[in-house]
$ cat work_1.json   # JSON, C-alpha atoms
[["chain", "number", "residue", "atom", "x", "y", "z"],
["A", 1366, "MET", "CA", -19.75, -24.48, 72.36],
["A", 1367, "LYS", "CA", -17.28, -26.87, 70.72],
["A", 1368, "LYS", "CA", -20.14, -28.44, 68.75],
["A", 1369, "ILE", "CA", -21.26, -25.02, 67.50],
["A", 1370, "LYS", "CA", -17.68, -24.16, 66.44],
["A", 1371, "ALA", "CA", -17.40, -27.47, 64.63],
["A", 1372, "LEU", "CA", -20.73, -26.86, 62.90],
["A", 1373, "VAL", "CA", -19.66, -23.34, 61.84],
["A", 1374, "PHE", "CA", -16.36, -24.75, 60.55],
["A", 1375, "LEU", "CA", -18.15, -27.46, 58.57],
["A", 1376, "LEU", "CA", -20.56, -24.90, 57.09],
["A", 1377, "PHE", "CA", -17.57, -22.70, 56.15],
["A", 1378, "VAL", "CA", -15.81, -25.63, 54.44],
["A", 1379, "PHE", "CA", -19.05, -26.62, 52.70],
["A", 1380, "CYS", "CA", -19.58, -23.08, 51.43],
["A", 1381, "LEU", "CA", -16.03, -22.87, 50.11],
["A", 1382, "GLY", "CA", -16.44, -26.27, 48.44],
["A", 1383, "GLY", "CA", -19.62, -24.97, 46.79],
["A", 1384, "LYS", "CA", -17.54, -22.45, 44.80],
["A", 1385, "ALA", "CA", -15.65, -25.24, 43.10],
["A", 1386, "GLN", "CA", -17.07, -26.00, 39.72],
["A", 1387, "LEU", "CA", -16.21, -28.91, 37.51],
["A", 1388, "TYR", "CA", -15.86, -28.42, 33.79],
["A", 1389, "PHE", "CA", -15.22, -31.19, 31.30],
["A", 1390, "THR", "CA", -14.94, -32.15, 27.65],
["A", 1391, "LYS", "CA", -14.70, -35.52, 25.97],
["A", 1392, "ASN", "CA", -13.89, -34.06, 22.56],
["A", 1393, "GLY", "CA", -10.88, -31.88, 23.22],
["A", 1394, "SER", "CA", -8.00, -31.74, 20.79],
["A", 1395, "VAL", "CA", -4.30, -32.55, 21.01],
["A", 1396, "SER", "CA", -2.10, -32.32, 17.94],
["A", 1397, "PHE", "CA", 1.59, -32.73, 17.39],
["A", 1398, "PHE", "CA", 3.99, -31.32, 14.89],
["A", 1399, "SER", "CA", 7.43, -32.57, 13.98],
["A", 1400, "SER", "CA", 9.53, -30.50, 11.62],
["A", 1401, "THR", "CA", 12.82, -31.47, 9.96],
["A", 1402, "PRO", "CA", 14.47, -30.30, 6.72],
["A", 1403, "MET", "CA", 13.30, -33.61, 5.21],
["A", 1404, "GLU", "CA", 9.60, -33.32, 6.08],
["A", 1405, "ASP", "CA", 6.91, -31.96, 8.37],
["A", 1406, "ILE", "CA", 4.66, -34.42, 10.18],
["A", 1407, "ARG", "CA", 1.35, -33.48, 11.79],
["A", 1408, "ALA", "CA", -1.27, -35.59, 13.53],
["A", 1409, "GLY", "CA", -4.36, -34.77, 15.51],
["A", 1410, "ASN", "CA", -6.50, -36.45, 18.15],
["A", 1411, "ASN", "CA", -9.96, -34.93, 18.72],
["A", 1412, "GLN", "CA", -11.15, -37.33, 21.41],
["A", 1413, "VAL", "CA", -9.41, -35.95, 24.44],
["A", 1414, "ILE", "CA", -11.09, -36.16, 27.83],
["A", 1415, "SER", "CA", -10.23, -33.21, 30.03],
["A", 1416, "ILE", "CA", -11.57, -32.24, 33.45],
["A", 1417, "LEU", "CA", -10.97, -28.89, 35.11],
["A", 1418, "ASN", "CA", -11.81, -28.05, 38.71],
["A", 1419, "THR", "CA", -11.97, -24.26, 38.95],
["A", 1420, "GLY", "CA", -11.99, -24.43, 42.76],
["A", 1421, "SER", "CA", -8.75, -26.35, 43.23],
["A", 1422, "GLY", "CA", -7.12, -25.68, 39.85],
["A", 1423, "GLU", "CA", -6.75, -29.39, 39.18],
["A", 1424, "ILE", "CA", -6.70, -30.18, 35.48],
["A", 1425, "GLN", "CA", -6.35, -33.49, 33.72],
["A", 1426, "PHE", "CA", -6.20, -34.80, 30.20],
["A", 1427, "SER", "CA", -6.36, -38.31, 28.80],
["A", 1428, "LEU", "CA", -6.41, -39.68, 25.28],
["A", 1429, "LEU", "CA", -6.19, -42.95, 23.38],
["A", 1430, "ASN", "CA", -2.94, -43.02, 21.39],
["A", 1431, "ASN", "CA", -4.49, -44.94, 18.48],
["A", 1432, "ALA", "CA", -6.97, -42.09, 17.86],
["A", 1433, "PHE", "CA", -4.23, -39.85, 16.37],
["A", 1434, "HIS", "CA", -4.94, -39.37, 12.70],
["A", 1435, "PHE", "CA", -2.16, -38.72, 10.18],
["A", 1436, "LYS", "CA", -2.32, -37.57, 6.59],
["A", 1437, "LYS", "CA", -0.44, -40.68, 5.47],
["A", 1438, "ALA", "CA", -1.65, -44.15, 6.46],
["A", 1439, "LEU", "CA", 1.92, -45.48, 6.65],
["A", 1440, "MET", "CA", 2.92, -42.77, 9.15],
["A", 1441, "GLU", "CA", -0.10, -43.66, 11.28],
["A", 1442, "GLU", "CA", 0.90, -47.34, 11.19],
["A", 1443, "HIS", "CA", 4.50, -46.60, 12.16],
["A", 1444, "PHE", "CA", 3.37, -44.24, 14.95],
["A", 1445, "ASN", "CA", 1.11, -46.89, 16.49],
["A", 1446, "GLU", "CA", 3.26, -49.95, 15.93],
["A", 1447, "GLU", "CA", 6.85, -48.73, 16.27],
["A", 1448, "TYR", "CA", 7.04, -45.40, 18.09],
["A", 1449, "ILE", "CA", 4.19, -44.97, 20.57],
["A", 1450, "GLU", "CA", 3.37, -48.72, 20.67],
["A", 1451, "SER", "CA", -0.35, -48.18, 21.15],
["A", 1452, "ALA", "CA", -1.18, -51.83, 21.87],
["A", 1453, "GLN", "CA", 1.21, -51.85, 24.85],
["A", 1454, "TYR", "CA", 0.60, -48.24, 25.94],
["A", 1455, "PRO", "CA", -2.97, -47.42, 24.85],
["A", 1456, "LYS", "CA", -3.35, -44.15, 26.80],
["A", 1457, "SER", "CA", -1.46, -40.96, 27.45],
["A", 1458, "THR", "CA", -2.43, -38.85, 30.45],
["A", 1459, "PHE", "CA", -1.58, -35.58, 32.14],
["A", 1460, "LYS", "CA", -2.59, -34.69, 35.69],
["A", 1461, "GLY", "CA", -1.66, -31.36, 37.17],
["A", 1462, "THR", "CA", -2.73, -28.08, 38.69],
["A", 1463, "ILE", "CA", -2.85, -24.47, 37.58],
["A", 1464, "SER", "CA", 0.01, -22.92, 39.60],
["A", 1465, "ASN", "CA", -1.29, -19.34, 39.35],
["A", 1466, "LEU", "CA", -5.00, -20.03, 39.85],
["A", 1467, "LYS", "CA", -5.39, -16.86, 41.95],
["A", 1468, "GLU", "CA", -4.70, -14.77, 38.84],
["A", 1469, "VAL", "CA", -7.76, -16.21, 37.06],
["A", 1470, "ASN", "CA", -11.11, -14.54, 37.67],
["A", 1471, "PHE", "CA", -13.68, -17.08, 36.52],
["A", 1472, "SER", "CA", -16.49, -14.54, 36.87],
["A", 1473, "LYS", "CA", -14.85, -11.98, 34.56],
["A", 1474, "ASP", "CA", -14.45, -12.42, 30.81],
["A", 1475, "GLY", "CA", -10.85, -12.46, 29.67],
["A", 1476, "ILE", "CA", -7.88, -14.43, 28.42],
["A", 1477, "TYR", "CA", -5.69, -15.42, 31.35],
["A", 1478, "ASN", "CA", -2.11, -16.64, 31.07],
["A", 1479, "ILE", "CA", -1.66, -19.71, 33.21],
["A", 1480, "THR", "CA", 1.10, -22.13, 34.14],
["A", 1481, "VAL", "CA", 0.17, -25.77, 34.53],
["A", 1482, "SER", "CA", 2.47, -28.13, 36.43],
["A", 1483, "GLY", "CA", 1.99, -31.86, 36.71],
["A", 1484, "SER", "CA", 2.84, -35.33, 35.45],
["A", 1485, "LEU", "CA", 2.76, -36.37, 31.83],
["A", 1486, "ASN", "CA", 2.49, -40.10, 31.27],
["A", 1487, "LEU", "CA", 3.45, -41.06, 27.74],
["A", 1488, "HIS", "CA", 4.72, -44.36, 26.34],
["A", 1489, "GLY", "CA", 4.86, -45.82, 29.86],
["A", 1490, "VAL", "CA", 7.13, -43.03, 31.16],
["A", 1491, "THR", "CA", 5.93, -40.41, 33.66],
["A", 1492, "LYS", "CA", 7.71, -37.04, 33.79],
["A", 1493, "SER", "CA", 7.03, -33.83, 35.68],
["A", 1494, "ILE", "CA", 6.46, -30.91, 33.35],
["A", 1495, "SER", "CA", 5.45, -27.29, 33.68],
["A", 1496, "VAL", "CA", 3.89, -25.64, 30.64],
["A", 1497, "PRO", "CA", 2.36, -22.28, 29.75],
["A", 1498, "GLY", "CA", -1.22, -22.01, 28.64],
["A", 1499, "LYS", "CA", -4.19, -19.72, 28.22],
["A", 1500, "LEU", "CA", -7.56, -19.97, 29.89],
["A", 1501, "THR", "CA", -10.38, -18.08, 28.19],
["A", 1502, "VAL", "CA", -13.46, -17.08, 30.17],
["A", 1503, "LYS", "CA", -16.34, -15.87, 28.03],
["A", 1504, "GLY", "CA", -19.75, -15.70, 29.63],
["A", 1505, "ASN", "CA", -20.50, -19.19, 30.88],
["A", 1506, "SER", "CA", -18.01, -20.86, 28.58],
["A", 1507, "LEU", "CA", -14.48, -21.81, 29.43],
["A", 1508, "SER", "CA", -11.69, -22.95, 27.12],
["A", 1509, "ALA", "CA", -8.03, -23.78, 27.54],
["A", 1510, "SER", "CA", -5.09, -23.94, 25.18],
["A", 1511, "SER", "CA", -1.40, -24.66, 25.37],
["A", 1512, "VAL", "CA", 1.56, -25.11, 23.04],
["A", 1513, "PHE", "CA", 4.67, -26.80, 24.38],
["A", 1514, "LYS", "CA", 7.49, -29.08, 23.31],
["A", 1515, "ILE", "CA", 8.65, -32.49, 24.51],
["A", 1516, "ARG", "CA", 11.69, -34.57, 23.63],
["A", 1517, "THR", "CA", 10.87, -38.03, 22.30],
["A", 1518, "LYS", "CA", 13.88, -39.59, 24.04],
["A", 1519, "ASP", "CA", 12.59, -38.36, 27.44],
["A", 1520, "TYR", "CA", 9.68, -40.75, 26.96],
["A", 1521, "ASN", "CA", 11.79, -43.62, 25.67],
["A", 1522, "ILE", "CA", 10.36, -43.29, 22.15],
["A", 1523, "LYS", "CA", 12.97, -44.80, 19.88],
["A", 1524, "ILE", "CA", 13.33, -43.41, 16.38],
["A", 1525, "PRO", "CA", 15.02, -45.91, 14.01],
["A", 1526, "ALA", "CA", 18.23, -44.66, 12.37],
["A", 1527, "ALA", "CA", 16.65, -45.01, 8.89],
["A", 1528, "VAL", "CA", 14.12, -42.23, 9.63],
["A", 1529, "LYS", "CA", 16.19, -40.16, 12.04],
["A", 1530, "ASN", "CA", 16.36, -37.31, 9.55],
["A", 1531, "ASN", "CA", 12.58, -37.37, 9.05],
["A", 1532, "ILE", "CA", 11.40, -37.15, 12.66],
["A", 1533, "ALA", "CA", 12.42, -34.32, 14.97],
["A", 1534, "GLU", "CA", 13.89, -35.10, 18.39],
["A", 1535, "THR", "CA", 11.63, -32.43, 19.83],
["A", 1536, "VAL", "CA", 7.95, -32.36, 18.87],
["A", 1537, "GLU", "CA", 5.50, -29.57, 19.46],
["A", 1538, "LEU", "CA", 2.21, -30.41, 21.17],
["A", 1539, "THR", "CA", -0.86, -28.18, 20.85],
["A", 1540, "VAL", "CA", -3.78, -28.61, 23.24],
["A", 1541, "ASN", "CA", -7.22, -27.05, 22.77],
["A", 1542, "CYS", "CA", -10.25, -27.78, 24.93],
["A", 1543, "SER", "CA", -13.64, -26.14, 25.11],
["A", 1544, "TYR", "CA", -15.35, -27.11, 28.37],
["A", 1545, "GLU", "CA", -18.92, -27.55, 29.51],
["A", 1546, "LYS", "CA", -20.15, -27.45, 33.09],
["A", 1547, "LYS", "CA", -20.49, -30.78, 34.89],
["B", 72, "MET", "CA", 22.16, -56.00, -27.85],
["B", 73, "SER", "CA", 25.30, -56.55, -25.81],
["B", 74, "LYS", "CA", 25.17, -58.31, -22.45],
["B", 75, "LYS", "CA", 26.24, -55.06, -20.80],
["B", 76, "LYS", "CA", 23.27, -53.19, -22.24],
["B", 77, "ILE", "CA", 20.84, -55.96, -21.22],
["B", 78, "LEU", "CA", 22.22, -55.81, -17.68],
["B", 79, "LEU", "CA", 21.86, -52.03, -17.58],
["B", 80, "TRP", "CA", 18.25, -52.20, -18.78],
["B", 81, "ALA", "CA", 17.49, -54.94, -16.26],
["B", 82, "LEU", "CA", 18.99, -52.87, -13.44],
["B", 83, "LEU", "CA", 17.01, -49.83, -14.56],
["B", 84, "ALA", "CA", 13.79, -51.86, -14.66],
["B", 85, "VAL", "CA", 14.44, -53.25, -11.17],
["B", 86, "GLY", "CA", 15.26, -49.76, -9.88],
["B", 87, "LEU", "CA", 12.12, -48.22, -11.38],
["B", 88, "THR", "CA", 9.93, -51.05, -10.08],
["B", 89, "GLY", "CA", 11.44, -50.65, -6.62],
["B", 90, "ALA", "CA", 10.87, -46.89, -6.68],
["B", 91, "ALA", "CA", 7.28, -47.37, -7.86],
["B", 92, "VAL", "CA", 6.56, -49.95, -5.14],
["B", 93, "GLY", "CA", 8.17, -47.69, -2.50],
["B", 94, "TYR", "CA", 6.12, -44.73, -3.69],
["B", 95, "MET", "CA", 2.91, -46.77, -3.57],
["B", 96, "ILE", "CA", 3.63, -48.03, -0.04],
["B", 97, "TRP", "CA", 4.56, -44.52, 1.16],
["B", 98, "ASN", "CA", 1.34, -43.11, -0.29],
["B", 99, "LYS", "CA", -0.96, -46.02, 0.41],
["B", 100, "PRO", "CA", -4.42, -44.77, 1.32],
["B", 101, "HIS", "CA", -6.12, -45.04, 4.68],
["B", 102, "LYS", "CA", -8.61, -47.86, 5.29],
["B", 103, "ASP", "CA", -11.73, -47.38, 3.22],
["B", 104, "VAL", "CA", -14.12, -47.27, 6.17],
["B", 105, "LYS", "CA", -17.16, -46.23, 4.17],
["B", 106, "ASP", "CA", -17.29, -49.27, 1.89],
["B", 107, "ALA", "CA", -15.56, -51.83, 4.10],
["B", 108, "ASP", "CA", -17.24, -54.86, 5.66],
["B", 109, "ALA", "CA", -17.96, -54.08, 9.28],
["B", 110, "LEU", "CA", -18.73, -55.92, 12.48],
["B", 111, "ARG", "CA", -22.28, -55.03, 13.56],
["B", 112, "VAL", "CA", -22.94, -54.20, 17.18],
["B", 113, "ALA", "CA", -25.45, -52.18, 19.19],
["B", 114, "ALA", "CA", -24.10, -49.15, 21.07],
["B", 115, "THR", "CA", -25.45, -50.46, 24.38],
["B", 116, "GLU", "CA", -23.81, -53.85, 23.88],
["B", 117, "LEU", "CA", -20.51, -52.25, 22.81],
["B", 118, "TYR", "CA", -20.45, -50.12, 25.96],
["B", 119, "ASN", "CA", -21.43, -53.04, 28.21],
["B", 120, "ARG", "CA", -18.69, -55.23, 26.74],
["B", 121, "PHE", "CA", -16.02, -52.60, 27.48],
["B", 122, "SER", "CA", -17.42, -52.03, 30.98],
["B", 123, "THR", "CA", -17.58, -55.70, 31.98],
["B", 124, "ASP", "CA", -14.55, -57.27, 30.26],
["B", 125, "SER", "CA", -12.35, -54.57, 28.79],
["B", 126, "ALA", "CA", -9.52, -56.95, 27.77],
["B", 127, "LYS", "CA", -11.89, -59.11, 25.73],
["B", 128, "ALA", "CA", -13.66, -56.06, 24.30],
["B", 129, "ARG", "CA", -10.31, -54.56, 23.25],
["B", 130, "SER", "CA", -9.38, -57.71, 21.34],
["B", 131, "LEU", "CA", -12.84, -57.88, 19.74],
["B", 132, "TYR", "CA", -13.38, -54.25, 18.79],
["B", 133, "THR", "CA", -10.32, -51.95, 19.11],
["B", 134, "ASP", "CA", -8.99, -50.76, 15.72],
["B", 135, "LYS", "CA", -11.78, -52.71, 13.96],
["B", 136, "ILE", "CA", -14.34, -51.23, 11.58],
["B", 137, "LEU", "CA", -17.73, -51.41, 13.31],
["B", 138, "GLU", "CA", -21.26, -50.68, 12.22],
["B", 139, "ILE", "CA", -22.98, -49.41, 15.34],
["B", 140, "SER", "CA", -26.71, -49.08, 15.81],
["B", 141, "GLY", "CA", -28.01, -46.84, 18.56],
["B", 142, "GLU", "CA", -30.13, -43.96, 19.73],
["B", 143, "ILE", "CA", -28.78, -40.43, 19.33],
["B", 144, "SER", "CA", -28.34, -38.74, 22.71],
["B", 145, "LYS", "CA", -26.65, -35.57, 21.55],
["B", 146, "LEU", "CA", -25.40, -33.92, 18.35],
["B", 147, "SER", "CA", -22.60, -31.36, 18.34],
["B", 148, "VAL", "CA", -19.40, -30.33, 16.56],
["B", 149, "ASN", "CA", -15.82, -30.42, 17.83],
["B", 150, "LEU", "CA", -13.20, -27.65, 17.59],
["B", 151, "GLN", "CA", -12.32, -28.81, 14.05],
["B", 152, "ASN", "CA", -16.00, -28.50, 13.07],
["B", 153, "GLN", "CA", -16.36, -32.26, 12.71],
["B", 154, "GLN", "CA", -19.77, -33.66, 13.63],
["B", 155, "ILE", "CA", -19.94, -35.49, 16.97],
["B", 156, "ILE", "CA", -22.72, -38.01, 17.52],
["B", 157, "LEU", "CA", -23.18, -39.34, 21.05],
["B", 158, "LEU", "CA", -25.03, -42.66, 21.18],
["B", 159, "LYS", "CA", -26.97, -43.64, 24.27],
["B", 160, "THR", "CA", -25.64, -46.32, 26.63],
["B", 161, "PRO", "CA", -27.11, -47.85, 29.80],
["B", 162, "VAL", "CA", -24.97, -45.48, 31.94],
["B", 163, "THR", "CA", -26.08, -41.86, 32.41],
["B", 164, "GLY", "CA", -23.44, -39.47, 31.06],
["B", 165, "ALA", "CA", -21.60, -42.26, 29.19],
["B", 166, "TYR", "CA", -21.78, -42.56, 25.44],
["B", 167, "VAL", "CA", -20.46, -44.21, 22.34],
["B", 168, "ASN", "CA", -18.73, -41.05, 21.16],
["B", 169, "CYS", "CA", -18.50, -40.90, 17.35],
["B", 170, "THR", "CA", -16.35, -38.35, 15.48],
["B", 171, "MET", "CA", -17.64, -38.22, 11.92],
["B", 172, "GLU", "CA", -15.43, -37.98, 8.84],
["B", 173, "GLU", "CA", -18.54, -37.43, 6.73],
["B", 174, "LYS", "CA", -21.42, -35.43, 8.17],
["B", 175, "ALA", "CA", -24.67, -37.31, 8.58],
["B", 176, "GLU", "CA", -27.63, -35.19, 7.50],
["B", 177, "GLY", "CA", -31.16, -35.11, 8.85],
["B", 178, "LEU", "CA", -30.36, -36.53, 12.28],
["B", 179, "LYS", "CA", -32.42, -35.80, 15.38],
["B", 180, "GLU", "CA", -31.68, -36.37, 19.03],
["B", 181, "GLY", "CA", -33.65, -39.40, 20.23],
["B", 182, "ALA", "CA", -33.79, -40.98, 16.75],
["B", 183, "PRO", "CA", -32.13, -44.30, 15.80],
["B", 184, "VAL", "CA", -28.97, -44.19, 13.69],
["B", 185, "LEU", "CA", -26.46, -46.54, 12.06],
["B", 186, "ILE", "CA", -22.82, -45.42, 12.03],
["B", 187, "LYS", "CA", -19.77, -47.04, 10.53],
["B", 188, "GLY", "CA", -16.35, -46.18, 11.96],
["B", 189, "ILE", "CA", -13.15, -47.39, 13.59],
["B", 190, "CYS", "CA", -13.27, -48.16, 17.32],
["B", 191, "SER", "CA", -10.41, -46.50, 19.25],
["B", 192, "GLY", "CA", -11.45, -48.17, 22.51],
["B", 193, "TYR", "CA", -12.78, -47.16, 25.90],
["B", 194, "MET", "CA", -11.40, -44.34, 27.99],
["B", 195, "GLY", "CA", -12.50, -43.79, 31.58],
["B", 196, "GLY", "CA", -13.54, -40.39, 32.87],
["B", 197, "ASP", "CA", -13.06, -39.69, 36.57],
["B", 198, "ALA", "CA", -14.98, -41.75, 39.11],
["B", 199, "ASP", "CA", -14.26, -39.28, 41.96],
["B", 200, "MET", "CA", -15.78, -36.46, 39.90],
["B", 201, "GLY", "CA", -18.70, -38.60, 38.77],
["B", 202, "LEU", "CA", -17.73, -38.44, 35.10],
["B", 203, "PRO", "CA", -18.09, -41.80, 33.33],
["B", 204, "GLY", "CA", -15.95, -42.69, 30.32],
["B", 205, "ASP", "CA", -16.95, -43.22, 26.70],
["B", 206, "VAL", "CA", -16.27, -45.71, 23.95],
["B", 207, "PHE", "CA", -14.71, -43.74, 21.10],
["B", 208, "ILE", "CA", -15.27, -44.12, 17.36],
["B", 209, "VAL", "CA", -13.13, -42.28, 14.80],
["B", 210, "ARG", "CA", -13.58, -41.72, 11.06],
["B", 211, "GLY", "CA", -17.35, -42.19, 11.28],
["B", 212, "TYR", "CA", -19.69, -42.39, 8.30],
["B", 213, "PRO", "CA", -23.46, -42.61, 8.20],
["B", 214, "SER", "CA", -24.42, -46.14, 7.17],
["B", 215, "ASN", "CA", -27.48, -46.86, 5.03],
["B", 216, "LYS", "CA", -27.44, -50.66, 5.09]]
$ encode --input "work_1.json" --output "structure tokens"
Amino acid sequence: MKKIKALVFLLFVFCLGGKAQLYFTKNGSVSFFSSTPMEDIRAGNNQVISILNTGSGEIQFSLLNNAFHFKKALMEEHFNEEYIESAQYPKSTFKGTISNLKEVNFSKDGIYNITVSGSLNLHGVTKSISVPGKLTVKGNSLSASSVFKIRTKDYNIKIPAAVKNNIAETVELTVNCSYEKK
Amino acid sequence: MSKKKILLWALLAVGLTGAAVGYMIWNKPHKDVKDADALRVAATELYNRFSTDSAKARSLYTDKILEISGEISKLSVNLQNQQIILLKTPVTGAYVNCTMEEKAEGLKEGAPVLIKGICSGYMGGDADMGLPGDVFIVRGYPSNK
């Protein structure tokens, strides 16, 4: 009898696990925007790997810092060499979960407001963050977006005094990913 | 001309030269990838190098302009409507992932291609989820050499 119960339990777990579906992209987008009275600075990275597990709500993002592209070459150089220090800290990552996964119906088209909580690793510093986002279900396709702000000093990114008026202390990050099924 | 006037003109000349140099540095263009000399490498070799000795591969290839030869696995566009060309590697699901600055015309999946671009490096996927990583190329151009 115990063996049968164990078998039923295993089948139950297996069936539940079968509902989980992995989605991924290797060409997602993260951009940032810094605005001061002196100037606006934008940069984008379109080589973001993101994996989403619709069963558990786990979601992760990773990118190479040197793949951010700026309008001005000098800004790109300063970003890589002085601020984000890409040679020393080549990657930025986020690992977290969708806190309100139950509110998302992956089998019904719609735009769902989500909250994602997890750890952002940037410039060698890991911080817990919780950010709002949107998950769009349309047919078989799934996409995610989020706009949130971070403070550069939280991640030990030092802005030299000479350009303090040009770079905002708080920068806005925009994330956009369109997923395909694994 | 009095010494005072000469000094003023000299100071003005120095100031203008400084401003011009500053302006040129501030507005210096990005690397000319399209016409630059590039290090030639096959997509399979590039991927293998990053997989087997990533530290050495980083020093050899990261931030360098490469001319990569390979077989097209998949063609697509990203959210910014830039062309994405995935080049075949020895690992299933792993690619040399090229984001093009200039669209390459007349490409077909399975055909050979030559792409020039800047190597950002290798980024792993997720081993537990069975998703291998890619080697990434930015600012890609079709190469005709």
$ closest_residue --input "work_1.json" --among "B:Ala126, B:Ala113, B:Ile96, B:Leu79" --to "chain A" --atoms "only C-alpha atoms"
B:Ile96
$ residues_around --input "work_1.json" --residues "range 1489-1492 of chain A" --least-positions-apart "4" --cutoff "9 Å" --atoms "only C-alpha atoms" --output "ChimeraX atom specification"
/A:1453-1454,1456-1457,1483-1485,1519-1521
$ write_last_selection --input "work_1.json" --atoms "C-alpha atoms" --output "mmCIF file, keeping the file's coordinate frame"
data_model
loop_
_atom_site.group_PDB
_atom_site.id
_atom_site.type_symbol
_atom_site.label_atom_id
_atom_site.label_comp_id
_atom_site.auth_asym_id
_atom_site.auth_seq_id
_atom_site.Cartn_x
_atom_site.Cartn_y
_atom_site.Cartn_z
ATOM 1 C CA GLN A 1453 1.210 -51.850 24.850
ATOM 2 C CA TYR A 1454 0.600 -48.240 25.940
ATOM 3 C CA LYS A 1456 -3.350 -44.150 26.800
ATOM 4 C CA SER A 1457 -1.460 -40.960 27.450
ATOM 5 C CA GLY A 1483 1.990 -31.860 36.710
ATOM 6 C CA SER A 1484 2.840 -35.330 35.450
ATOM 7 C CA LEU A 1485 2.760 -36.370 31.830
ATOM 8 C CA ASP A 1519 12.590 -38.360 27.440
ATOM 9 C CA TYR A 1520 9.680 -40.750 26.960
ATOM 10 C CA ASN A 1521 11.790 -43.620 25.670
#
$ residues_around --input "work_1.json" --residues "Ile136 in chain B" --least-positions-apart "4" --cutoff "10 Å" --atoms "only C-alpha atoms" --output "VMD selection string"
chain B and resid 102 to 105 107 to 111 132 187 to 191 208 to 211
$ closest_residue --input "work_1.json" --among "B:Thr133, B:Arg120, B:Gly141, B:Gln151" --to "Leu1429 in chain A" --atoms "all atoms listed in the file"
B:Thr133
$ interface_residues --input "work_1.json" --of "chain A" --to "chain B" --cutoff "9 Å" --atoms "all atoms listed in the file" --output "number ranges by chain"
A: 1387, 1389, 1391-1394, 1411-1412, 1414-1416, 1427-1432, 1434, 1436-1440, 1455-1456, 1541-1543, 1547
